[in-house]
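Data from model-v7.txt: compact mmCIF, C-alpha atoms
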```
# COMPACT_ATOMS: atom_id res chain seq x y z
CA MET A 629 -28.03 34.91 52.36
CA LYS A 630 -29.51 36.86 49.47
CA ALA A 631 -26.60 39.26 49.46
CA ASN A 632 -24.16 36.38 49.43
CA ALA A 633 -26.04 34.67 46.62
CA LYS A 634 -25.98 37.86 44.61
CA THR A 635 -22.30 38.27 45.31
CA ASP A 636 -21.65 34.67 44.22
CA PHE A 637 -23.62 35.21 41.00
CA ILE A 638 -21.66 38.34 40.09
CA SER A 639 -18.39 36.59 40.82
CA ALA A 640 -19.30 33.68 38.54
CA ASP A 641 -20.31 36.06 35.76
CA ASP A 642 -17.13 38.05 36.09
CA SER A 643 -15.13 34.85 36.06
CA ALA A 644 -16.77 33.72 32.81
CA THR A 645 -16.12 37.11 31.22
CA THR A 646 -12.50 37.02 32.31
CA GLU A 647 -12.10 33.51 30.91
CA THR A 648 -13.60 34.58 27.56
CA LYS A 649 -11.25 37.54 27.37
CA ARG A 650 -8.33 35.27 28.18
CA GLU A 651 -9.32 32.81 25.46
CA LEU A 652 -9.71 35.60 22.92
CA ALA A 653 -6.32 37.04 23.87
CA LYS A 654 -4.73 33.60 23.58
CA ALA A 655 -6.29 33.01 20.16
CA LYS A 656 -5.05 36.43 19.01
CA THR A 657 -1.51 35.67 20.16
CA ARG A 658 -1.65 32.25 18.49
CA ARG A 659 -2.62 33.90 15.19
CA ALA A 660 0.17 36.44 15.67
CA LEU A 661 2.69 33.61 16.11
CA LEU A 662 1.48 31.90 12.92
CA LYS A 663 1.68 35.19 11.03
CA SER A 664 5.16 35.88 12.40
CA ALA A 665 6.36 32.41 11.39
CA LEU A 666 4.99 32.83 7.86
CA GLN A 667 6.69 36.21 7.45
CA LEU A 668 9.96 34.88 8.83
CA TYR A 669 9.84 31.86 6.55
CA ARG A 670 9.12 34.02 3.53
CA VAL A 671 12.19 36.15 4.27
CA GLU A 672 14.68 33.63 5.65
CA GLY A 673 13.37 30.19 4.68
CA ALA A 674 13.33 27.08 6.85
CA CYS A 675 16.98 27.53 7.85
CA GLY A 676 16.18 30.91 9.40
CA MET A 677 13.30 29.69 11.56
CA SER A 678 13.74 29.84 15.31
CA MET A 679 11.40 30.01 18.27
CA ASN A 680 12.99 33.23 19.49
CA LYS A 681 12.55 34.99 16.14
CA VAL A 682 8.94 33.84 15.80
CA ALA A 683 8.09 34.95 19.34
CA LYS A 684 9.80 38.31 18.85
CA GLY A 685 7.87 38.90 15.63
CA ALA A 686 4.62 38.21 17.48
CA GLY A 687 5.54 40.62 20.28
CA ILE A 688 5.85 38.07 23.07
CA ALA A 689 8.71 36.69 25.16
CA GLN A 690 10.11 33.33 24.06
CA PRO A 691 9.00 31.42 27.22
CA SER A 692 5.41 32.46 26.48
CA PHE A 693 5.63 30.58 23.17
CA TYR A 694 4.91 27.32 25.02
CA ASN A 695 1.54 28.65 26.15
CA HIS A 696 0.41 28.36 22.54
CA PHE A 697 2.47 25.63 20.84
CA ALA A 698 4.36 22.65 22.22
CA SER A 699 7.30 23.29 19.91
CA LEU A 700 8.41 25.24 16.85
CA GLU A 701 7.76 22.10 14.80
CA ALA A 702 4.17 21.98 16.06
CA LEU A 703 3.63 25.57 14.96
CA GLN A 704 5.09 24.89 11.53
CA GLN A 705 2.94 21.79 11.12
CA GLU A 706 -0.21 23.77 11.86
CA LEU A 707 0.86 26.60 9.56
CA GLY A 708 1.73 24.14 6.81
CA ALA A 709 -1.62 22.39 7.12
CA GLN A 710 -3.43 25.73 6.86
CA LEU A 711 -1.43 26.81 3.81
CA LYS A 712 -1.91 23.46 2.10
CA GLU A 713 -5.66 23.42 2.66
CA ASN A 714 -6.10 27.07 1.64
CA TYR A 715 -4.18 26.34 -1.56
CA LEU A 716 -5.84 23.06 -2.53
CA SER A 717 -9.43 23.37 -1.35
CA PRO A 718 -10.64 25.81 -4.08
CA MET A 719 -9.30 23.65 -6.91
CA ARG A 720 -9.36 20.04 -5.69
CA MET A 721 -12.77 19.09 -7.11
CA ALA A 722 -12.21 21.00 -10.36
CA TRP A 723 -9.15 18.86 -11.15
CA ILE A 724 -10.84 15.63 -10.06
CA ASP A 725 -13.89 16.37 -12.24
CA MET A 726 -11.73 17.29 -15.24
CA LEU A 727 -9.82 13.99 -15.06
CA LYS A 728 -13.04 12.06 -14.45
CA ASP A 729 -14.65 13.58 -17.55
CA TYR A 730 -11.53 13.58 -19.74
CA PRO A 731 -12.56 10.65 -22.03
CA ARG A 732 -15.79 12.47 -22.93
CA LEU A 733 -14.42 15.99 -23.42
CA THR A 734 -13.76 17.54 -26.81
CA LYS A 735 -10.44 19.32 -27.34
CA ALA A 736 -12.13 22.68 -26.88
CA GLN A 737 -13.93 21.56 -23.72
CA PHE A 738 -10.73 20.15 -22.24
CA ASN A 739 -8.76 23.31 -23.03
CA GLU A 740 -11.41 25.47 -21.38
CA ARG A 741 -11.55 23.39 -18.21
CA CYS A 742 -7.82 22.79 -18.02
CA GLN A 743 -7.04 26.48 -18.43
CA HIS A 744 -9.58 27.29 -15.72
CA CYS A 745 -7.84 24.84 -13.36
CA LEU A 746 -4.40 26.18 -14.25
CA ASN A 747 -5.53 29.76 -13.66
CA MET A 748 -6.48 28.78 -10.12
CA ILE A 749 -2.94 27.47 -9.53
CA PHE A 750 -1.38 30.62 -10.98
CA ASP A 751 -3.71 32.80 -8.89
CA ALA A 752 -2.70 30.97 -5.72
CA ALA A 753 1.01 31.23 -6.52
CA PHE A 754 0.93 34.93 -7.40
CA GLN A 755 -1.00 35.83 -4.25
CA ASN A 756 2.35 35.37 -2.51
CA ILE A 757 5.03 34.75 -5.10
CA ALA A 758 7.87 35.21 -2.58
CA LEU A 759 6.44 32.42 -0.44
CA PHE A 760 5.94 30.22 -3.50
CA GLN A 761 9.57 30.66 -4.58
CA ARG A 762 10.82 29.98 -1.07
CA LEU A 763 8.82 26.74 -0.92
CA LEU A 764 10.34 25.62 -4.22
CA GLU A 765 13.86 26.37 -2.98
CA ASP A 766 13.38 24.53 0.29
CA ARG A 767 11.83 21.52 -1.36
CA LEU A 768 15.09 20.82 -3.19
CA ARG A 769 17.06 21.51 -0.03
CA PHE A 770 15.13 19.37 2.43
CA ALA A 771 13.17 16.63 0.64
CA PRO A 772 14.70 13.26 1.66
CA SER A 773 15.59 10.81 -1.08
CA ILE A 774 14.21 7.28 -1.00
CA LYS A 775 17.65 6.04 0.01
CA GLU A 776 17.84 8.53 2.88
CA GLN A 777 14.36 7.51 4.03
CA ASP A 778 15.33 3.82 3.94
CA LEU A 779 18.51 4.50 5.92
CA LEU A 780 16.54 6.48 8.49
CA ASN A 781 13.96 3.71 8.86
CA GLU A 782 16.74 1.16 9.33
CA TYR A 783 18.37 3.35 11.96
CA LEU A 784 15.12 3.74 13.88
CA LEU A 785 14.51 -0.03 13.86
CA THR A 786 17.94 -0.72 15.37
CA SER A 787 18.02 2.31 17.67
CA ASP A 788 17.79 1.93 21.44
CA SER A 789 15.81 5.17 21.69
CA LYS A 790 12.92 4.97 24.15
CA ASN A 791 10.87 7.32 21.99
CA PRO A 792 11.49 6.45 18.31
CA ALA A 793 8.48 8.49 17.16
CA GLN A 794 9.92 11.64 18.69
CA GLU A 795 13.35 10.84 17.31
CA ASN A 796 11.85 10.25 13.87
CA ASN A 797 10.22 13.69 13.99
CA SER A 798 13.45 15.38 15.04
CA LEU A 799 15.40 13.74 12.24
CA LEU A 800 12.87 14.17 9.45
CA ASP A 801 10.87 17.26 10.31
CA LYS A 802 12.02 20.28 8.34
CA GLY A 803 8.93 22.30 9.08
CA LEU A 804 7.73 24.28 6.12
CA GLY A 805 10.69 23.06 4.08
CA ASN A 806 8.76 19.89 3.24
CA LEU A 807 5.46 21.59 2.44
CA MET A 808 5.84 21.51 -1.34
CA THR A 809 6.57 17.79 -1.19
CA GLU A 810 3.42 17.27 0.89
CA ILE A 811 1.40 19.32 -1.60
CA GLN A 812 2.71 17.22 -4.46
CA GLU A 813 1.65 14.07 -2.60
CA GLU A 814 -1.83 15.62 -2.35
CA TRP A 815 -1.77 16.21 -6.10
CA THR A 816 -1.00 12.53 -6.60
CA ALA A 817 -4.07 11.66 -4.50
CA ILE A 818 -6.17 14.09 -6.56
CA PHE A 819 -5.01 12.55 -9.85
CA ILE A 820 -5.61 9.02 -8.58
CA LYS A 821 -9.16 9.87 -7.52
CA GLY A 822 -9.97 11.58 -10.82
CA LEU A 823 -8.54 8.73 -12.90
CA SER A 824 -10.32 6.14 -10.75
CA LEU A 825 -13.67 7.89 -11.21
CA SER A 826 -13.08 7.91 -14.98
CA GLY A 827 -12.82 4.13 -14.96
CA CYS A 828 -9.23 4.27 -16.14
CA SER A 829 -6.76 1.58 -15.07
CA PHE A 830 -3.28 2.73 -14.12
CA GLU A 831 -0.18 2.03 -12.06
CA ARG A 832 0.72 4.35 -9.20
CA SER A 833 4.19 4.80 -10.67
CA GLU A 834 2.56 6.19 -13.82
CA VAL A 835 0.62 8.72 -11.75
CA ASN A 836 3.77 9.68 -9.85
CA LEU A 837 5.54 10.31 -13.15
CA CYS A 838 2.61 12.33 -14.52
CA VAL A 839 2.39 14.49 -11.39
CA ASP A 840 6.15 15.09 -11.32
CA ILE A 841 6.16 16.16 -14.98
CA ALA A 842 3.10 18.38 -14.55
CA ALA A 843 4.42 19.98 -11.35
CA ALA A 844 7.85 20.68 -12.87
CA GLN A 845 6.26 22.41 -15.87
CA VAL A 846 3.82 24.45 -13.78
CA HIS A 847 6.45 25.58 -11.29
CA GLU A 848 8.93 26.57 -13.98
CA LEU A 849 6.38 28.54 -15.98
CA ILE A 850 5.05 30.36 -12.92
CA VAL A 851 8.59 31.54 -12.19
CA GLY A 852 9.04 32.45 -15.86
CA CYS A 853 5.86 34.54 -15.81
CA HIS A 854 7.06 36.27 -12.66
CA GLN A 855 10.29 37.12 -14.46
CA GLN A 856 8.20 38.45 -17.37
CA ARG A 857 9.83 36.14 -19.89
CA TYR A 858 6.38 35.47 -21.40
CA SER A 859 2.75 36.18 -20.60
CA ARG A 860 0.61 34.19 -18.24
CA GLN A 861 -1.80 33.28 -21.04
CA GLN A 862 1.06 31.96 -23.19
CA ALA A 863 2.20 29.78 -20.30
CA ILE A 864 -1.27 28.44 -19.53
CA SER A 865 -2.05 27.71 -23.18
CA MET A 866 1.19 25.76 -23.53
CA LEU A 867 0.55 23.87 -20.29
CA SER A 868 -2.97 22.97 -21.43
CA THR A 869 -1.59 21.47 -24.66
CA ASN A 870 1.07 19.54 -22.75
CA PHE A 871 -1.40 18.26 -20.17
CA ASP A 872 -3.74 17.00 -22.89
CA ALA A 873 -0.91 14.86 -24.27
CA LEU A 874 0.10 13.80 -20.76
CA PHE A 875 -3.39 12.73 -19.67
CA SER A 876 -4.23 10.99 -22.94
CA GLN A 877 -1.60 8.34 -22.23
CA PHE A 878 -3.74 6.96 -19.40
CA PHE A 879 -6.67 6.37 -21.74
CA THR A 880 -4.88 5.14 -24.89
CA THR A 881 -5.22 1.47 -23.93
CA GLU A 882 -8.91 1.82 -23.11
CA TRP A 883 -9.59 3.62 -26.39
CA GLN A 884 -7.71 0.97 -28.36
CA GLU A 885 -9.66 -1.81 -26.65
CA MET A 886 -12.97 -0.06 -27.33
CA SER A 887 -12.16 0.56 -31.00
CA GLY A 888 -10.91 -2.99 -31.38
```

So that I can check it, write out the structure of this file as structure tokens.
Amino acid sequence: MKANAKTDFISADDSATTETKRELAKAKTRRALLKSALQLYRVEGACGMSMNKVAKGAGIAQPSFYNHFASLEALQQELGAQLKENYLSPMRMAWIDMLKDYPRLTKAQFNERCQHCLNMIFDAAFQNIALFQRLLEDRLRFAPSIKEQDLLNEYLLTSDSKNPAQENNSLLDKGLGNLMTEIQEEWTAIFIKGLSLSGCSFERSEVNLCVDIAAAQVHELIVGCHQQRYSRQQAISMLSTNFDALFSQFFTTEWQEMSG
């Protein structure tokens, strides 16, 4: 009995070790698939993404892909979420605090804080400028218009599909092609929170307009810096001046009421 107990104990221990090794190997392969997808997207964009190419880049056979992700779309969603969080997390609170404090900042204080925030955006973009440019290209290619979204919603309401959620994903999901649009929606949420904490009253449409203007300027000047048409400091100084004028519009009414 003792021998059997000892044998059982060793078997259980070996089993646990084997399971740990299997989990580590699976996690490593999962990371390899995410890395392969990112590299493929950077080179070929959303149109070039395929399960076979991603699996090949990770060094596994295509059928093994399903051991790690339910679909190519699921992989892209996870990769997109990681990229979005890695990009936004270092700067989210800095932008919220700057907008919250805007009414009390001097010109010099605003310029210092705004340029600090803009430098974080430029740093993030230039860490992988090829990926940044690809995301900009695919945003224009894949972002649905409001009319297209309305038509799709109408179709889904009248469709006889037994799984409208799955059909919706297949029709709308462009993988990483929509990531820049999602990031811009996050920027809208950041601006709304900062303005709300400042006590400023605003319409969401005004925030949407502000974010669209700010994003267009930032994206264009990042590309211009990459092309060496001007220096990074020139771009950031100009953006800081423009943003001061852009943000001040939210507080003009409050200032007029206070002075009156």

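Interatomic distance, CA of Lys712 in chain A against CA of Phe871 in chain A: 22.9 Å.
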
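Distances from A:Ala683, A:Lys654, A:Leu727, A:Gln761 to Gly852 in chain A were compared using all atoms listed in the file, and the smallest one belongs to A:Gln761.
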
All residues 12 Å or closer to Met748 in chain A, only C-alpha atoms, same chain fewer than 2 positions away omitted, as JSON, numbers by chain: {"A": [714, 715, 716, 717, 718, 719, 720, 721, 722, 723, 741, 742, 743, 744, 745, 746, 750, 751, 752, 753, 754, 755, 846, 850, 864]}

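Put simply, CA of Asn739 in chain A is 7.6 Å away from CA of Thr869 in chain A.
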
Between CA of Glu765 in chain A and CA of Thr816 in chain A - distance in Å to one decimal: 20.6 Å

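Counting all atoms listed in the file, the residue from A:Ile811, A:Ala842, A:Ile820, A:Val851 that sits nearest to Asn870 in chain A is A:Ala842.
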
Kindly write C-alpha atoms of range 672-770 of chain A from the structure just given to a file, as a PDB file, in the first residue's frame.
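The resulting file, out-v4.pdb, is reproduced below:
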```
ATOM      1  CA  GLU A 672      -0.220  44.119 -45.399  1.00  0.00           C
ATOM      2  CA  GLY A 673      -2.980  45.915 -43.498  1.00  0.00           C
ATOM      3  CA  ALA A 674      -6.414  44.536 -42.642  1.00  0.00           C
ATOM      4  CA  CYS A 675      -7.000  43.327 -46.202  1.00  0.00           C
ATOM      5  CA  GLY A 676      -3.959  41.058 -45.977  1.00  0.00           C
ATOM      6  CA  MET A 677      -4.969  39.346 -42.741  1.00  0.00           C
ATOM      7  CA  SER A 678      -5.747  35.650 -42.879  1.00  0.00           C
ATOM      8  CA  MET A 679      -5.731  32.830 -40.370  1.00  0.00           C
ATOM      9  CA  ASN A 680      -3.293  30.826 -42.481  1.00  0.00           C
ATOM     10  CA  LYS A 681      -0.776  33.687 -42.695  1.00  0.00           C
ATOM     11  CA  VAL A 682      -1.009  34.412 -38.967  1.00  0.00           C
ATOM     12  CA  ALA A 683      -0.550  30.746 -38.064  1.00  0.00           C
ATOM     13  CA  LYS A 684       2.381  30.372 -40.462  1.00  0.00           C
ATOM     14  CA  GLY A 685       4.076  33.437 -38.972  1.00  0.00           C
ATOM     15  CA  ALA A 686       3.715  31.919 -35.503  1.00  0.00           C
ATOM     16  CA  GLY A 687       5.189  28.600 -36.659  1.00  0.00           C
ATOM     17  CA  ILE A 688       2.083  26.474 -36.196  1.00  0.00           C
ATOM     18  CA  ALA A 689      -0.323  24.662 -38.519  1.00  0.00           C
ATOM     19  CA  GLN A 690      -3.575  26.471 -39.301  1.00  0.00           C
ATOM     20  CA  PRO A 691      -5.849  23.886 -37.556  1.00  0.00           C
ATOM     21  CA  SER A 692      -3.913  24.495 -34.327  1.00  0.00           C
ATOM     22  CA  PHE A 693      -5.009  28.142 -34.446  1.00  0.00           C
ATOM     23  CA  TYR A 694      -8.359  27.137 -32.913  1.00  0.00           C
ATOM     24  CA  ASN A 695      -6.614  25.847 -29.804  1.00  0.00           C
ATOM     25  CA  HIS A 696      -5.839  29.467 -28.955  1.00  0.00           C
ATOM     26  CA  PHE A 697      -8.515  31.677 -30.553  1.00  0.00           C
ATOM     27  CA  ALA A 698     -12.063  30.967 -31.662  1.00  0.00           C
ATOM     28  CA  SER A 699     -11.581  32.959 -34.863  1.00  0.00           C
ATOM     29  CA  LEU A 700      -9.296  35.433 -36.605  1.00  0.00           C
ATOM     30  CA  GLU A 701     -11.683  38.184 -35.504  1.00  0.00           C
ATOM     31  CA  ALA A 702     -11.294  37.123 -31.870  1.00  0.00           C
ATOM     32  CA  LEU A 703      -7.517  37.362 -32.178  1.00  0.00           C
ATOM     33  CA  GLN A 704      -7.725  40.803 -33.752  1.00  0.00           C
ATOM     34  CA  GLN A 705     -10.114  42.007 -31.063  1.00  0.00           C
ATOM     35  CA  GLU A 706      -7.706  40.944 -28.332  1.00  0.00           C
ATOM     36  CA  LEU A 707      -4.740  42.466 -30.144  1.00  0.00           C
ATOM     37  CA  GLY A 708      -6.658  45.687 -30.735  1.00  0.00           C
ATOM     38  CA  ALA A 709      -7.658  45.916 -27.079  1.00  0.00           C
ATOM     39  CA  GLN A 710      -4.034  45.455 -26.019  1.00  0.00           C
ATOM     40  CA  LEU A 711      -2.767  48.088 -28.452  1.00  0.00           C
ATOM     41  CA  LYS A 712      -5.469  50.556 -27.441  1.00  0.00           C
ATOM     42  CA  GLU A 713      -4.809  50.156 -23.731  1.00  0.00           C
ATOM     43  CA  ASN A 714      -1.022  50.312 -24.140  1.00  0.00           C
ATOM     44  CA  TYR A 715      -1.429  53.513 -26.137  1.00  0.00           C
ATOM     45  CA  LEU A 716      -3.965  55.288 -23.932  1.00  0.00           C
ATOM     46  CA  SER A 717      -3.144  54.202 -20.396  1.00  0.00           C
ATOM     47  CA  PRO A 718       0.039  56.322 -19.940  1.00  0.00           C
ATOM     48  CA  MET A 719      -1.676  59.534 -21.053  1.00  0.00           C
ATOM     49  CA  ARG A 720      -5.367  59.193 -20.155  1.00  0.00           C
ATOM     50  CA  MET A 721      -5.212  60.922 -16.753  1.00  0.00           C
ATOM     51  CA  ALA A 722      -2.801  63.610 -17.971  1.00  0.00           C
ATOM     52  CA  TRP A 723      -5.329  64.771 -20.584  1.00  0.00           C
ATOM     53  CA  ILE A 724      -8.264  64.529 -18.181  1.00  0.00           C
ATOM     54  CA  ASP A 725      -6.418  66.589 -15.551  1.00  0.00           C
ATOM     55  CA  MET A 726      -5.352  69.209 -18.095  1.00  0.00           C
ATOM     56  CA  LEU A 727      -8.940  69.730 -19.275  1.00  0.00           C
ATOM     57  CA  LYS A 728     -10.209  69.710 -15.686  1.00  0.00           C
ATOM     58  CA  ASP A 729      -7.722  72.422 -14.689  1.00  0.00           C
ATOM     59  CA  TYR A 730      -7.926  74.439 -17.924  1.00  0.00           C
ATOM     60  CA  PRO A 731      -9.977  77.385 -16.510  1.00  0.00           C
ATOM     61  CA  ARG A 732      -7.340  77.952 -13.811  1.00  0.00           C
ATOM     62  CA  LEU A 733      -4.190  77.558 -15.915  1.00  0.00           C
ATOM     63  CA  THR A 734      -2.108  80.459 -17.160  1.00  0.00           C
ATOM     64  CA  LYS A 735      -1.024  80.435 -20.813  1.00  0.00           C
ATOM     65  CA  ALA A 736       2.434  79.265 -19.812  1.00  0.00           C
ATOM     66  CA  GLN A 737       1.071  76.518 -17.555  1.00  0.00           C
ATOM     67  CA  PHE A 738      -1.300  75.302 -20.257  1.00  0.00           C
ATOM     68  CA  ASN A 739       1.447  75.249 -22.892  1.00  0.00           C
ATOM     69  CA  GLU A 740       3.714  73.237 -20.608  1.00  0.00           C
ATOM     70  CA  ARG A 741       1.063  70.651 -19.770  1.00  0.00           C
ATOM     71  CA  CYS A 742      -0.361  70.468 -23.269  1.00  0.00           C
ATOM     72  CA  GLN A 743       3.067  69.976 -24.826  1.00  0.00           C
ATOM     73  CA  HIS A 744       3.787  67.244 -22.281  1.00  0.00           C
ATOM     74  CA  CYS A 745       0.556  65.464 -23.271  1.00  0.00           C
ATOM     75  CA  LEU A 746       1.282  65.887 -26.981  1.00  0.00           C
ATOM     76  CA  ASN A 747       4.799  64.523 -26.552  1.00  0.00           C
ATOM     77  CA  MET A 748       3.290  61.341 -25.130  1.00  0.00           C
ATOM     78  CA  ILE A 749       1.144  60.953 -28.255  1.00  0.00           C
ATOM     79  CA  PHE A 750       4.113  61.564 -30.550  1.00  0.00           C
ATOM     80  CA  ASP A 751       6.233  59.107 -28.542  1.00  0.00           C
ATOM     81  CA  ALA A 752       3.568  56.415 -28.875  1.00  0.00           C
ATOM     82  CA  ALA A 753       3.182  56.996 -32.620  1.00  0.00           C
ATOM     83  CA  PHE A 754       6.909  56.986 -33.368  1.00  0.00           C
ATOM     84  CA  GLN A 755       7.499  53.789 -31.403  1.00  0.00           C
ATOM     85  CA  ASN A 756       5.942  52.081 -34.425  1.00  0.00           C
ATOM     86  CA  ILE A 757       5.335  54.647 -37.138  1.00  0.00           C
ATOM     87  CA  ALA A 758       4.600  51.991 -39.785  1.00  0.00           C
ATOM     88  CA  LEU A 759       1.779  50.613 -37.640  1.00  0.00           C
ATOM     89  CA  PHE A 760       0.483  54.123 -36.967  1.00  0.00           C
ATOM     90  CA  GLN A 761       0.339  54.941 -40.687  1.00  0.00           C
ATOM     91  CA  ARG A 762      -1.349  51.642 -41.460  1.00  0.00           C
ATOM     92  CA  LEU A 763      -4.027  52.330 -38.837  1.00  0.00           C
ATOM     93  CA  LEU A 764      -4.699  55.744 -40.379  1.00  0.00           C
ATOM     94  CA  GLU A 765      -5.027  54.237 -43.857  1.00  0.00           C
ATOM     95  CA  ASP A 766      -7.396  51.505 -42.733  1.00  0.00           C
ATOM     96  CA  ARG A 767      -9.551  53.876 -40.740  1.00  0.00           C
ATOM     97  CA  LEU A 768     -10.527  55.695 -43.934  1.00  0.00           C
ATOM     98  CA  ARG A 769     -10.997  52.392 -45.733  1.00  0.00           C
ATOM     99  CA  PHE A 770     -13.153  50.577 -43.195  1.00  0.00           C
TER     100      PHE A 770
END
```
